[in-house]
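Next comes entry01.tsv, a file with TSV, C-alpha atoms.
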```
chain	number	residue	atom	x	y	z
A	1	MET	CA	24.77	13.26	9.29
A	2	ASP	CA	22.49	14.07	12.23
A	3	LEU	CA	19.57	11.68	12.64
A	4	VAL	CA	16.17	12.51	14.06
A	5	ASN	CA	15.90	11.42	17.69
A	6	VAL	CA	13.09	10.72	20.12
A	7	ASP	CA	13.19	14.27	21.50
A	8	ASP	CA	12.56	15.63	18.01
A	9	VAL	CA	9.61	13.27	17.72
A	10	ARG	CA	8.21	14.32	21.11
A	11	ALA	CA	8.43	17.98	20.04
A	12	ALA	CA	6.59	17.12	16.84
A	13	ALA	CA	3.84	15.42	18.82
A	14	GLN	CA	3.14	18.68	20.66
A	15	ARG	CA	2.64	20.48	17.34
A	16	LEU	CA	0.19	17.87	16.05
A	17	THR	CA	-2.20	17.85	19.01
A	18	ASP	CA	-4.99	19.87	17.34
A	19	VAL	CA	-4.74	18.24	13.91
A	20	VAL	CA	-3.78	14.57	14.10
A	21	GLN	CA	-5.88	11.77	15.53
A	22	ARG	CA	-4.45	9.09	17.80
A	23	THR	CA	-5.33	6.04	15.70
A	24	PRO	CA	-6.32	2.76	17.33
A	25	VAL	CA	-4.35	-0.46	17.62
A	26	GLU	CA	-6.55	-3.53	17.08
A	27	LEU	CA	-5.78	-7.20	17.63
A	28	SER	CA	-6.45	-9.16	14.43
A	29	ARG	CA	-7.74	-12.54	15.56
A	30	ALA	CA	-7.91	-13.87	12.00
A	31	LEU	CA	-4.34	-12.89	11.14
A	32	SER	CA	-3.09	-14.05	14.54
A	33	ALA	CA	-4.62	-17.48	13.98
A	34	GLU	CA	-3.15	-17.66	10.47
A	35	VAL	CA	0.44	-16.90	11.50
A	36	GLY	CA	0.38	-18.49	14.94
A	37	ARG	CA	1.12	-15.47	17.13
A	38	PRO	CA	-0.64	-12.27	18.18
A	39	VAL	CA	-0.75	-9.60	15.48
A	40	LEU	CA	-1.80	-6.04	16.29
A	41	LEU	CA	-2.75	-3.52	13.62
A	42	LYS	CA	-1.98	0.20	13.91
A	43	CYS	CA	-4.83	1.68	11.88
A	44	GLU	CA	-3.41	4.77	10.20
A	45	ASN	CA	-5.89	4.10	7.41
A	46	LEU	CA	-8.36	5.70	9.84
A	47	GLN	CA	-6.24	8.86	10.21
A	48	ARG	CA	-7.44	12.24	8.95
A	49	ALA	CA	-6.94	12.46	5.17
A	50	GLY	CA	-6.73	8.68	5.16
A	51	SER	CA	-3.05	8.11	5.90
A	52	PHE	CA	-0.10	8.88	8.18
A	53	LYS	CA	1.11	11.65	5.87
A	54	ILE	CA	-0.78	14.38	7.73
A	55	ARG	CA	1.65	13.94	10.62
A	56	GLY	CA	4.85	14.89	8.79
A	57	ALA	CA	3.19	17.56	6.66
A	58	THR	CA	1.72	19.31	9.70
A	59	ASN	CA	5.00	19.20	11.60
A	60	ARG	CA	6.81	20.75	8.63
A	61	ILE	CA	4.30	23.45	7.72
A	62	THR	CA	3.54	24.64	11.26
A	63	GLN	CA	7.23	25.48	11.72
A	64	LEU	CA	7.42	27.85	8.74
A	65	ASP	CA	7.97	31.49	9.60
A	66	GLU	CA	5.58	34.23	8.43
A	67	GLY	CA	7.57	35.00	5.31
A	68	GLU	CA	7.67	31.35	4.26
A	69	GLN	CA	3.95	30.97	4.90
A	70	ARG	CA	3.18	33.95	2.67
A	71	ARG	CA	5.15	32.34	-0.17
A	72	GLY	CA	3.04	29.20	0.05
A	73	VAL	CA	4.07	25.57	-0.13
A	74	VAL	CA	4.46	23.09	-2.97
A	75	CYS	CA	4.82	19.32	-2.95
A	76	ALA	CA	4.76	16.24	-5.15
A	77	SER	CA	2.80	13.12	-4.34
A	78	ALA	CA	1.08	10.05	-5.73
A	79	GLY	CA	-1.81	10.96	-3.46
A	80	ASN	CA	-1.42	10.61	0.30
A	81	HIS	CA	1.28	13.23	0.86
A	82	ALA	CA	-0.77	15.52	-1.36
A	83	GLN	CA	-3.78	15.22	0.92
A	84	GLY	CA	-1.64	15.58	4.03
A	85	VAL	CA	-0.01	18.77	2.75
A	86	ALA	CA	-3.32	20.18	1.53
A	87	LEU	CA	-5.02	19.60	4.89
A	88	ALA	CA	-2.04	20.83	6.93
A	89	ALA	CA	-1.77	23.95	4.75
A	90	ALA	CA	-5.48	24.66	5.10
A	91	HIS	CA	-5.20	24.29	8.89
A	92	THR	CA	-2.29	26.74	8.94
A	93	GLY	CA	-3.78	29.18	6.42
A	94	VAL	CA	-1.08	28.61	3.80
A	95	ALA	CA	-1.62	28.32	0.02
A	96	ALA	CA	-0.61	24.91	-1.36
A	97	THR	CA	0.21	23.70	-4.87
A	98	VAL	CA	0.41	19.96	-5.37
A	99	PHE	CA	2.03	18.12	-8.30
A	100	MET	CA	0.68	14.62	-8.95
A	101	PRO	CA	1.37	12.07	-11.71
A	102	VAL	CA	-1.10	12.21	-14.57
A	103	ASP	CA	-2.44	8.76	-13.65
A	104	ALA	CA	-2.89	9.51	-9.94
A	105	PRO	CA	-6.07	7.87	-8.59
A	106	LEU	CA	-9.03	10.19	-9.14
A	107	PRO	CA	-10.32	9.97	-5.54
A	108	LYS	CA	-6.92	11.18	-4.28
A	109	VAL	CA	-6.91	14.07	-6.76
A	110	GLU	CA	-10.45	15.11	-5.83
A	111	ALA	CA	-9.76	14.85	-2.10
A	112	THR	CA	-6.63	17.00	-2.44
A	113	GLU	CA	-8.59	19.68	-4.29
A	114	ALA	CA	-11.37	19.48	-1.70
A	115	TYR	CA	-8.87	20.38	1.02
A	116	GLY	CA	-8.13	23.59	-0.88
A	117	ALA	CA	-4.90	22.84	-2.75
A	118	ALA	CA	-4.24	23.67	-6.40
A	119	VAL	CA	-3.50	20.37	-8.16
A	120	ARG	CA	-1.26	20.07	-11.22
A	121	LEU	CA	-1.14	16.70	-12.98
A	122	GLU	CA	2.32	16.44	-14.54
A	123	GLY	CA	4.65	13.49	-15.14
A	124	SER	CA	4.02	9.82	-15.80
A	125	ALA	CA	5.34	8.76	-12.38
A	126	PHE	CA	6.06	10.19	-8.95
A	127	ASP	CA	9.69	11.04	-9.74
A	128	GLU	CA	8.69	13.21	-12.71
A	129	ALA	CA	6.05	14.98	-10.62
A	130	LEU	CA	8.71	15.52	-7.96
A	131	ALA	CA	11.11	17.13	-10.47
A	132	ASN	CA	8.34	19.44	-11.69
A	133	ALA	CA	7.44	20.41	-8.14
A	134	VAL	CA	11.05	21.27	-7.31
A	135	ALA	CA	11.32	23.40	-10.48
A	136	PHE	CA	8.07	25.18	-9.57
A	137	ALA	CA	9.37	25.92	-6.07
A	138	GLU	CA	12.57	27.40	-7.48
A	139	ALA	CA	10.68	29.53	-9.99
A	140	THR	CA	8.06	30.87	-7.55
A	141	ASN	CA	10.06	30.86	-4.29
A	142	ALA	CA	7.42	28.63	-2.69
A	143	VAL	CA	8.55	26.35	0.13
A	144	PHE	CA	9.04	22.78	-1.07
A	145	VAL	CA	7.60	20.19	1.34
A	146	HIS	CA	9.45	16.97	0.62
A	147	PRO	CA	7.37	13.81	1.00
A	148	PHE	CA	9.98	12.00	3.05
A	149	ASP	CA	13.56	13.32	3.00
A	150	HIS	CA	13.41	16.10	5.61
A	151	PRO	CA	13.95	16.00	9.40
A	152	ASP	CA	10.60	17.64	10.16
A	153	ILE	CA	8.75	15.13	7.98
A	154	ILE	CA	10.56	12.20	9.60
A	155	ALA	CA	9.90	13.53	13.11
A	156	GLY	CA	6.23	14.00	12.34
A	157	GLN	CA	5.84	10.47	11.04
A	158	GLY	CA	7.73	9.26	14.09
A	159	THR	CA	4.82	10.26	16.33
A	160	ILE	CA	3.32	6.91	15.31
A	161	GLY	CA	6.25	5.33	17.16
A	162	LEU	CA	5.37	7.24	20.33
A	163	GLU	CA	1.79	5.99	20.12
A	164	LEU	CA	2.92	2.43	19.43
A	165	ASP	CA	5.11	2.48	22.53
A	166	GLU	CA	2.05	3.33	24.60
A	167	GLN	CA	-0.39	1.05	22.77
A	168	LEU	CA	1.55	-2.17	22.14
A	169	PRO	CA	2.06	-4.83	24.83
A	170	ALA	CA	5.51	-5.04	26.34
A	171	ASP	CA	6.25	-8.40	24.71
A	172	VAL	CA	5.82	-7.30	21.08
A	173	ALA	CA	8.87	-8.62	19.25
A	174	ALA	CA	8.75	-6.59	16.04
A	175	VAL	CA	7.05	-3.71	14.28
A	176	VAL	CA	6.50	-4.12	10.53
A	177	VAL	CA	6.31	-0.94	8.46
A	178	PRO	CA	5.47	-0.13	4.81
A	179	VAL	CA	8.36	1.59	3.03
A	180	GLY	CA	8.27	3.92	0.03
A	181	GLY	CA	10.71	6.80	0.31
A	182	GLY	CA	11.44	5.82	3.91
A	183	GLY	CA	10.05	8.73	5.92
A	184	LEU	CA	7.60	6.63	7.93
A	185	ILE	CA	10.00	3.88	8.94
A	186	SER	CA	12.75	6.42	9.66
A	187	GLY	CA	10.54	8.29	12.10
A	188	VAL	CA	9.10	5.17	13.74
A	189	ALA	CA	12.59	3.74	14.16
A	190	ALA	CA	13.90	7.03	15.58
A	191	ALA	CA	11.28	6.83	18.33
A	192	LEU	CA	11.26	3.09	19.05
A	193	ARG	CA	15.02	2.58	19.04
A	194	ASP	CA	15.16	4.79	22.12
A	195	LEU	CA	11.91	3.68	23.76
A	196	ARG	CA	12.18	-0.07	23.01
A	197	PRO	CA	15.79	-0.81	22.09
A	198	GLY	CA	15.25	-4.56	21.80
A	199	ILE	CA	12.35	-4.49	19.35
A	200	ARG	CA	12.94	-5.51	15.74
A	201	ILE	CA	11.94	-2.97	13.09
A	202	ILE	CA	11.27	-4.45	9.68
A	203	GLY	CA	10.45	-2.54	6.51
A	204	VAL	CA	8.44	-3.86	3.58
A	205	GLN	CA	8.61	-2.71	-0.03
A	206	ALA	CA	6.66	-3.79	-3.09
A	207	ALA	CA	8.85	-6.05	-5.24
A	208	GLY	CA	7.95	-4.00	-8.30
A	209	CYS	CA	9.54	-0.88	-6.78
A	210	ALA	CA	12.08	-1.75	-4.11
A	211	PRO	CA	15.17	0.47	-4.22
A	212	PHE	CA	16.10	0.11	-0.53
A	213	PRO	CA	17.76	-3.34	-0.60
A	214	ALA	CA	20.20	-2.29	-3.33
A	215	SER	CA	20.72	1.13	-1.74
A	216	LEU	CA	21.50	-0.39	1.64
A	217	ALA	CA	23.95	-2.78	0.01
A	218	SER	CA	25.80	0.00	-1.84
A	219	GLY	CA	25.58	2.60	0.93
A	220	ARG	CA	24.05	5.27	-1.31
A	221	PRO	CA	20.60	5.93	-2.83
A	222	GLU	CA	20.18	3.79	-5.93
A	223	ALA	CA	17.53	4.71	-8.51
A	224	LEU	CA	15.36	2.14	-10.25
A	225	PRO	CA	14.63	2.54	-13.98
A	226	ARG	CA	10.88	2.10	-13.44
A	227	ALA	CA	8.15	1.27	-10.95
A	228	ASP	CA	5.73	-1.57	-11.64
A	229	THR	CA	3.40	-2.27	-8.72
A	230	ILE	CA	-0.20	-1.85	-7.63
A	231	ALA	CA	1.12	-0.18	-4.46
A	232	ASP	CA	1.26	3.31	-5.97
A	233	GLY	CA	1.57	4.97	-2.55
A	234	ILE	CA	5.05	3.50	-2.03
A	235	ALA	CA	6.19	3.46	-5.67
A	236	VAL	CA	9.27	5.62	-5.04
A	237	LYS	CA	12.16	4.71	-7.32
A	238	ARG	CA	14.95	6.29	-5.24
A	239	PRO	CA	15.33	6.60	-1.45
A	240	GLY	CA	16.29	9.88	0.16
A	241	VAL	CA	19.79	10.50	1.46
A	242	LEU	CA	18.46	11.21	4.94
A	243	THR	CA	15.97	8.34	5.04
A	244	LEU	CA	18.58	5.88	3.79
A	245	ALA	CA	20.87	6.95	6.63
A	246	HIS	CA	18.08	6.35	9.17
A	247	VAL	CA	17.17	2.95	7.73
A	248	HIS	CA	20.82	1.90	7.62
A	249	ALA	CA	21.38	2.91	11.25
A	250	LEU	CA	18.07	1.99	12.88
A	251	VAL	CA	16.18	-0.66	10.87
A	252	ASP	CA	16.89	-4.38	11.13
A	253	GLU	CA	15.75	-5.54	7.71
A	254	VAL	CA	13.85	-4.56	4.56
A	255	VAL	CA	11.93	-7.31	2.73
A	256	THR	CA	9.82	-7.30	-0.44
A	257	VAL	CA	6.43	-8.74	-1.42
A	258	ASP	CA	4.88	-9.20	-4.84
A	259	ASP	CA	1.60	-7.76	-6.10
A	260	ASP	CA	-0.32	-11.01	-5.70
A	261	ALA	CA	0.54	-11.09	-2.00
A	262	ILE	CA	-0.39	-7.42	-1.66
A	263	ALA	CA	-3.77	-7.92	-3.35
A	264	SER	CA	-4.47	-10.90	-1.13
A	265	ALA	CA	-3.61	-8.83	1.95
A	266	VAL	CA	-6.02	-6.07	0.88
A	267	VAL	CA	-8.80	-8.63	0.51
A	268	HIS	CA	-7.93	-10.27	3.85
A	269	LEU	CA	-8.13	-6.94	5.69
A	270	LEU	CA	-11.41	-6.06	4.00
A	271	GLU	CA	-13.01	-9.44	4.62
A	272	ARG	CA	-11.65	-10.46	8.01
A	273	ALA	CA	-10.73	-7.18	9.74
A	274	LYS	CA	-13.44	-5.00	8.12
A	275	LEU	CA	-10.76	-2.46	7.23
A	276	VAL	CA	-10.37	-0.69	3.88
A	277	VAL	CA	-6.62	-0.43	3.25
A	278	GLU	CA	-4.85	0.62	0.07
A	279	PRO	CA	-2.17	-1.66	-1.43
A	280	ALA	CA	0.70	0.44	-0.07
A	281	GLY	CA	-0.86	0.27	3.38
A	282	ALA	CA	-1.24	-3.52	3.25
A	283	VAL	CA	2.32	-4.55	2.31
A	284	ALA	CA	3.31	-5.22	5.93
A	285	VAL	CA	0.36	-7.60	6.31
A	286	ALA	CA	1.42	-9.30	3.07
A	287	ALA	CA	4.94	-9.80	4.43
A	288	VAL	CA	3.70	-11.31	7.69
A	289	ARG	CA	1.33	-13.67	5.87
A	290	ALA	CA	4.19	-14.74	3.58
A	291	GLY	CA	6.39	-15.66	6.56
A	292	LEU	CA	9.00	-12.99	5.80
A	293	VAL	CA	9.13	-11.47	9.28
A	294	ASP	CA	11.92	-13.01	11.34
A	295	ALA	CA	10.94	-12.39	14.97
A	296	ASP	CA	9.78	-14.57	17.86
A	297	GLY	CA	6.73	-13.14	19.55
A	298	PRO	CA	3.77	-10.84	18.93
A	299	LEU	CA	3.92	-8.43	16.00
A	300	GLY	CA	2.81	-4.87	15.45
A	301	ILE	CA	1.87	-3.89	11.90
A	302	ILE	CA	1.32	-0.37	10.58
A	303	LEU	CA	-1.54	-0.01	8.09
A	304	SER	CA	-0.24	3.20	6.59
A	305	GLY	CA	-3.21	4.34	4.47
A	306	GLY	CA	-6.71	3.64	3.26
A	307	ASN	CA	-7.08	5.87	0.21
A	308	ILE	CA	-8.00	3.46	-2.56
A	309	ASP	CA	-9.85	4.01	-5.82
A	310	PRO	CA	-13.09	1.97	-5.71
A	311	LEU	CA	-12.40	0.70	-9.24
A	312	LEU	CA	-8.95	-0.50	-8.16
A	313	LEU	CA	-10.49	-2.08	-5.08
A	314	ARG	CA	-12.89	-4.03	-7.27
A	315	GLY	CA	-10.01	-5.34	-9.36
A	316	LEU	CA	-7.95	-6.16	-6.27
A	317	ILE	CA	-10.80	-8.14	-4.79
A	318	THR	CA	-10.89	-10.26	-7.96
A	319	SER	CA	-7.12	-10.76	-8.11
A	320	GLY	CA	-6.89	-11.31	-4.36
A	321	LEU	CA	-9.57	-13.98	-4.47
A	322	ALA	CA	-7.82	-15.59	-7.44
A	323	ALA	CA	-4.50	-15.64	-5.55
A	324	GLU	CA	-6.22	-17.46	-2.68
A	325	GLY	CA	-7.88	-20.00	-4.99
A	326	ARG	CA	-11.36	-18.60	-4.47
A	327	TYR	CA	-11.91	-17.28	-7.98
A	328	LEU	CA	-11.32	-19.15	-11.23
A	329	THR	CA	-11.66	-18.05	-14.84
A	330	PHE	CA	-11.06	-20.49	-17.70
A	331	THR	CA	-11.87	-21.01	-21.36
A	332	SER	CA	-12.91	-24.29	-22.96
A	333	ARG	CA	-14.35	-25.60	-26.23
A	334	ILE	CA	-17.65	-27.39	-26.54
A	335	SER	CA	-19.81	-28.70	-29.33
A	336	ASP	CA	-22.03	-26.17	-31.11
A	337	SER	CA	-25.17	-28.17	-30.44
A	338	PRO	CA	-28.20	-27.87	-28.16
A	339	GLY	CA	-27.48	-28.95	-24.58
A	340	SER	CA	-23.66	-28.75	-24.77
A	341	LEU	CA	-23.35	-25.70	-22.54
A	342	MET	CA	-25.89	-27.16	-20.12
A	343	ARG	CA	-23.82	-30.37	-19.80
A	344	LEU	CA	-20.67	-28.35	-19.03
A	345	LEU	CA	-22.45	-26.30	-16.39
A	346	LYS	CA	-24.00	-29.41	-14.85
A	347	THR	CA	-20.53	-30.90	-14.46
A	348	ILE	CA	-19.35	-27.70	-12.77
A	349	ALA	CA	-22.41	-27.67	-10.50
A	350	HIS	CA	-21.83	-31.30	-9.52
A	351	GLU	CA	-18.35	-30.29	-8.30
A	352	ARG	CA	-19.84	-27.36	-6.36
A	353	GLY	CA	-18.37	-24.59	-8.51
A	354	ASN	CA	-20.48	-21.42	-8.24
A	355	VAL	CA	-20.90	-19.75	-11.65
A	356	ILE	CA	-20.44	-15.98	-11.67
A	357	GLY	CA	-20.49	-15.45	-15.43
A	358	VAL	CA	-20.44	-17.26	-18.78
A	359	GLU	CA	-19.51	-15.96	-22.25
A	360	HIS	CA	-20.28	-17.94	-25.43
A	361	HIS	CA	-18.22	-17.24	-28.59
A	362	ARG	CA	-18.82	-18.85	-32.00
A	363	PHE	CA	-16.05	-17.03	-33.86
A	364	ALA	CA	-13.02	-17.34	-31.59
A	365	PRO	CA	-9.65	-18.04	-33.28
A	366	ARG	CA	-8.58	-21.66	-33.91
A	367	LEU	CA	-12.07	-23.11	-33.49
A	368	ARG	CA	-12.90	-26.10	-35.64
A	369	TYR	CA	-16.20	-26.29	-37.48
A	370	GLY	CA	-18.98	-27.20	-35.07
A	371	GLN	CA	-17.17	-25.85	-32.00
A	372	VAL	CA	-17.74	-22.82	-29.77
A	373	GLU	CA	-15.56	-21.32	-27.09
A	374	VAL	CA	-16.92	-20.58	-23.63
A	375	LEU	CA	-15.35	-18.42	-20.94
A	376	VAL	CA	-16.51	-19.31	-17.43
A	377	GLU	CA	-15.99	-17.35	-14.19
A	378	LEU	CA	-16.41	-19.32	-10.97
A	379	GLU	CA	-16.36	-18.77	-7.24
A	380	MET	CA	-14.32	-21.58	-5.66
A	381	ARG	CA	-13.39	-22.82	-2.19
A	382	GLY	CA	-9.62	-22.88	-2.52
A	383	PRO	CA	-6.69	-24.29	-4.55
A	384	GLU	CA	-7.64	-27.93	-3.85
A	385	HIS	CA	-11.17	-27.29	-5.08
A	386	ILE	CA	-9.79	-25.75	-8.30
A	387	THR	CA	-7.49	-28.74	-8.86
A	388	GLN	CA	-10.38	-31.14	-8.30
A	389	LEU	CA	-12.76	-29.31	-10.64
A	390	THR	CA	-10.30	-28.79	-13.50
A	391	GLY	CA	-9.26	-32.44	-13.26
A	392	VAL	CA	-12.87	-33.61	-13.54
A	393	LEU	CA	-13.48	-31.34	-16.52
A	394	ARG	CA	-10.38	-32.55	-18.36
A	395	ASP	CA	-11.33	-36.17	-17.67
A	396	ALA	CA	-14.74	-35.40	-19.18
A	397	GLY	CA	-13.06	-34.22	-22.39
A	398	TYR	CA	-13.14	-30.44	-21.85
A	399	PRO	CA	-9.86	-28.65	-22.71
A	400	ILE	CA	-9.19	-26.13	-19.93
A	401	LYS	CA	-7.13	-22.97	-20.28
A	402	ARG	CA	-6.99	-20.83	-17.13
A	403	VAL	CA	-7.22	-17.09	-17.67
```

What does this structure look like when you write it as structure tokens?
Amino acid sequence: MDLVNVDDVRAAAQRLTDVVQRTPVELSRALSAEVGRPVLLKCENLQRAGSFKIRGATNRITQLDEGEQRRGVVCASAGNHAQGVALAAAHTGVAATVFMPVDAPLPKVEATEAYGAAVRLEGSAFDEALANAVAFAEATNAVFVHPFDHPDIIAGQGTIGLELDEQLPADVAAVVVPVGGGGLISGVAAALRDLRPGIRIIGVQAAGCAPFPASLASGRPEALPRADTIADGIAVKRPGVLTLAHVHALVDEVVTVDDDAIASAVVHLLERAKLVVEPAGAVAVAAVRAGLVDADGPLGIILSGGNIDPLLLRGLITSGLAAEGRYLTFTSRISDSPGSLMRLLKTIAHERGNVIGVEHHRFAPRLRYGQVEVLVELEMRGPEHITQLTGVLRDAGYPIKRV
């Protein structure tokens, strides 16, 4: 099987000149201090359409002949590839139909439609949307634009590798890349293996949808029965044949991170780097913070996308803060008498817990006569602060159940 090479990537870069932005690489001082070595962020969340996907889509669509362009293009996506194809098609003057899962984030659906594509919401997950898109292409003779498993897509994504070679210091030891279907890491590896043969290339998948480790072990694409992760942008249950071949030949390692680590990474980037990054785009940061990147020296991290539903972002901020010990929710029981709630809150205040919200329930299950249940939400200063506060409350006779 022929793999994409650096010359293919250089040719793709020439086709993308008028469409794709050269995204910045920024040193993260906060993350560097946390992990003890320089960490540089490649900000593809600032790319047109909000992710790297515009690169591969443009490289694929601009190479269609006149007959193929007249037939239009079709794709399947959880969101970012959809926007990339829609924008690339609009730039080229080609009609685009996009299949998305029925629960695709609304901002991604609206953005795709705003770029001029016809959106069809079909299937409960990406793989079902993909099957419907392929069937539509066969029925209408439209050109199917695969989200990752095509040489033109891989070469287009690989233009990030060319930029990284020019933007990263010479002593960078490893580049850490989010992995869904594998198109991004395949292209980046195709470029960097030639330009920087000694650099380590490490992929990161969400633990709730990580088919690459098993597929690499067996030597063939292995399908997962389901995807269960907040990182919807990389929730691909089966790698491509072509991308698996690239990862097997060119990538050093693929690691996984859980949703708590991903949520915490999203919050870290928002709070400390002032960057809005979707969960899929933050998995590489999560892996570095978790100590999963085996390399001695500075690191480059690709932030692959920033298209996040504001409602999801709100929830991630809460869960991310909770994972870092900065947010605590618990229930307790107090006496149904004047002053009882005030005494509880005074104890919390004495321990410097900052109350965000309180709910007071007289009719909760398993309450004895004369008791009420309270649910308290607090802003905290870390895990040690939580341990201290909950210990003081229990010593004072308050039963604590963390939510």

Residues of range 30-119 of chain A at most 8 Å from range 302-306 of chain A: nearest atom pair and distance in Å, only C-alpha atoms, as a Markdown table:
```
| residue | atom | partner | partner_atom | distance |
| --- | --- | --- | --- | --- |
| A:Leu41 | CA | A:Ile302 | CA | 6.0 |
| A:Lys42 | CA | A:Ile302 | CA | 4.7 |
| A:Cys43 | CA | A:Leu303 | CA | 5.3 |
| A:Glu44 | CA | A:Ser304 | CA | 5.1 |
| A:Asn45 | CA | A:Gly305 | CA | 4.0 |
| A:Leu46 | CA | A:Gly306 | CA | 7.1 |
| A:Gln47 | CA | A:Gly305 | CA | 7.9 |
| A:Gly50 | CA | A:Gly306 | CA | 5.4 |
| A:Ser51 | CA | A:Gly305 | CA | 4.0 |
| A:Phe52 | CA | A:Ser304 | CA | 5.9 |
| A:Asn80 | CA | A:Gly305 | CA | 7.7 |
```

Problem set entry | Proximity to Leu270 in chain A - best of A:Gly93, A:Leu313, A:Gly297, A:His360, only C-alpha atoms | A:Leu313

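Counting only C-alpha atoms and comparing A:Glu351, A:Asp294, A:Asp336, A:Asp194, the residue that lies closest to Arg368 in chain A is A:Asp336.
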
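Closest approach to Asp8 in chain A among A:Leu162, A:Val35, A:Val254, A:Leu393: A:Leu162, based on only C-alpha atoms.
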
Problem set entry | Residues within 8 Å of (3.1, 7.3, -8.3), file coords, all atoms listed in the file, listed as a PyMOL selection string | chain A and resi 77-79+100-101+103-104+124-127+232-236

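Nearest to Glu377 in chain A of all the residues A:Leu345, A:Leu328, A:Val94, A:Ala263 is A:Leu328, based on all atoms listed in the file.
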
Exercise. In terms of the shortest atom-to-atom distance over all atoms listed in the file, which of A:Leu64, A:Ala282, A:Val98, A:Ile356 is closest to Asp259 in chain A?
Worked result: A:Ala282

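In terms of minimum interatomic distance to Val204 in chain A, A:Gly281 ranks closest within A:Gly281, A:Ala170, A:Leu242, A:Tyr327, counting all atoms listed in the file.
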
Neighbouring residues of Arg120 in chain A were defined as those with any atom within 10 Å, considering all atoms listed in the file; residues of the same chain fewer than 6 positions away were excluded. Please report them as a compact mmCIF listing (two decimals) with C-alpha atoms, keeping the file's coordinate frame.
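See around31.txt below for the written result:
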```txt
# COMPACT_ATOMS: atom_id res chain seq x y z
CA ALA A 76 4.76 16.24 -5.15
CA THR A 97 0.21 23.70 -4.87
CA VAL A 98 0.41 19.96 -5.37
CA PHE A 99 2.03 18.12 -8.30
CA MET A 100 0.68 14.62 -8.95
CA PRO A 101 1.37 12.07 -11.71
CA VAL A 102 -1.10 12.21 -14.57
CA VAL A 109 -6.91 14.07 -6.76
CA ALA A 129 6.05 14.98 -10.62
CA ASN A 132 8.34 19.44 -11.69
CA ALA A 133 7.44 20.41 -8.14
```

Selection: 12 Å around Glu110 in chain A, all atoms listed in the file, excl. self and same-chain fewer than 2 positions, as a short mmCIF file (atom, residue, chain, number, x, y, z; two decimals) with C-alpha atoms, keeping the file's coordinate frame:
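Ended up saving to selection_17.cif:
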```cif
data_model
loop_
_atom_site.label_atom_id
_atom_site.label_comp_id
_atom_site.auth_asym_id
_atom_site.auth_seq_id
_atom_site.Cartn_x
_atom_site.Cartn_y
_atom_site.Cartn_z
CA ALA A 49 -6.94 12.46 5.17
CA GLY A 79 -1.81 10.96 -3.46
CA ASN A 80 -1.42 10.61 0.30
CA ALA A 82 -0.77 15.52 -1.36
CA GLN A 83 -3.78 15.22 0.92
CA ALA A 86 -3.32 20.18 1.53
CA VAL A 98 0.41 19.96 -5.37
CA MET A 100 0.68 14.62 -8.95
CA ALA A 104 -2.89 9.51 -9.94
CA PRO A 105 -6.07 7.87 -8.59
CA LEU A 106 -9.03 10.19 -9.14
CA PRO A 107 -10.32 9.97 -5.54
CA LYS A 108 -6.92 11.18 -4.28
CA THR A 112 -6.63 17.00 -2.44
CA GLU A 113 -8.59 19.68 -4.29
CA ALA A 114 -11.37 19.48 -1.70
CA TYR A 115 -8.87 20.38 1.02
CA GLY A 116 -8.13 23.59 -0.88
CA ALA A 117 -4.90 22.84 -2.75
CA ALA A 118 -4.24 23.67 -6.40
CA VAL A 119 -3.50 20.37 -8.16
CA ARG A 120 -1.26 20.07 -11.22
CA LEU A 121 -1.14 16.70 -12.98
CA ASN A 307 -7.08 5.87 0.21
CA ASP A 309 -9.85 4.01 -5.82
#
```

Problem set entry | Exercise: Pro147 in chain A partners within 9 Å, only C-alpha atoms, chain neighbours under 6 positions left out, as a ChimeraX atom specification | /A:53,56-57,75-77,81-82,153,181,183

For this session: Tell me, as a list in words, which residues lie within 10 Å of Thr256 in chain A, counting all atoms listed in the file; anything in the same chain fewer than 4 positions away does not count.
Result: Pro178, Val179, Gly203, Val204, Gln205, Ala206, Ala207, Gly208, Cys209, Ala210, Phe212, Pro213, Val283, Ala284, Ala286, Ala287 and Leu292 of chain A

Selection export as a compact mmCIF listing (two decimals), keeping the file's coordinate frame, atoms kept: C-alpha atoms:
```txt
# COMPACT_ATOMS: atom_id res chain seq x y z
CA PRO A 178 5.47 -0.13 4.81
CA VAL A 179 8.36 1.59 3.03
CA GLY A 203 10.45 -2.54 6.51
CA VAL A 204 8.44 -3.86 3.58
CA GLN A 205 8.61 -2.71 -0.03
CA ALA A 206 6.66 -3.79 -3.09
CA ALA A 207 8.85 -6.05 -5.24
CA GLY A 208 7.95 -4.00 -8.30
CA CYS A 209 9.54 -0.88 -6.78
CA ALA A 210 12.08 -1.75 -4.11
CA PHE A 212 16.10 0.11 -0.53
CA PRO A 213 17.76 -3.34 -0.60
CA VAL A 283 2.32 -4.55 2.31
CA ALA A 284 3.31 -5.22 5.93
CA ALA A 286 1.42 -9.30 3.07
CA ALA A 287 4.94 -9.80 4.43
CA LEU A 292 9.00 -12.99 5.80
```

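Interatomic distance, CA of Gly84 in chain A against CA of Arg60 in chain A: 10.9 Å.
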
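Between CA of Thr243 in chain A and CA of Val285 in chain A the separation is 22.3 Å.
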
Problem set entry | Ala349 in chain A environment, 10 Å, all atoms listed in the file, sequence neighbours closer than 6 positions dropped, as an NGL selection string | :A and (343 or 355 or 389)

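The gap separating CA of Pro151 in chain A from CA of Glu26 in chain A is 29.3 Å, in Å to one decimal.
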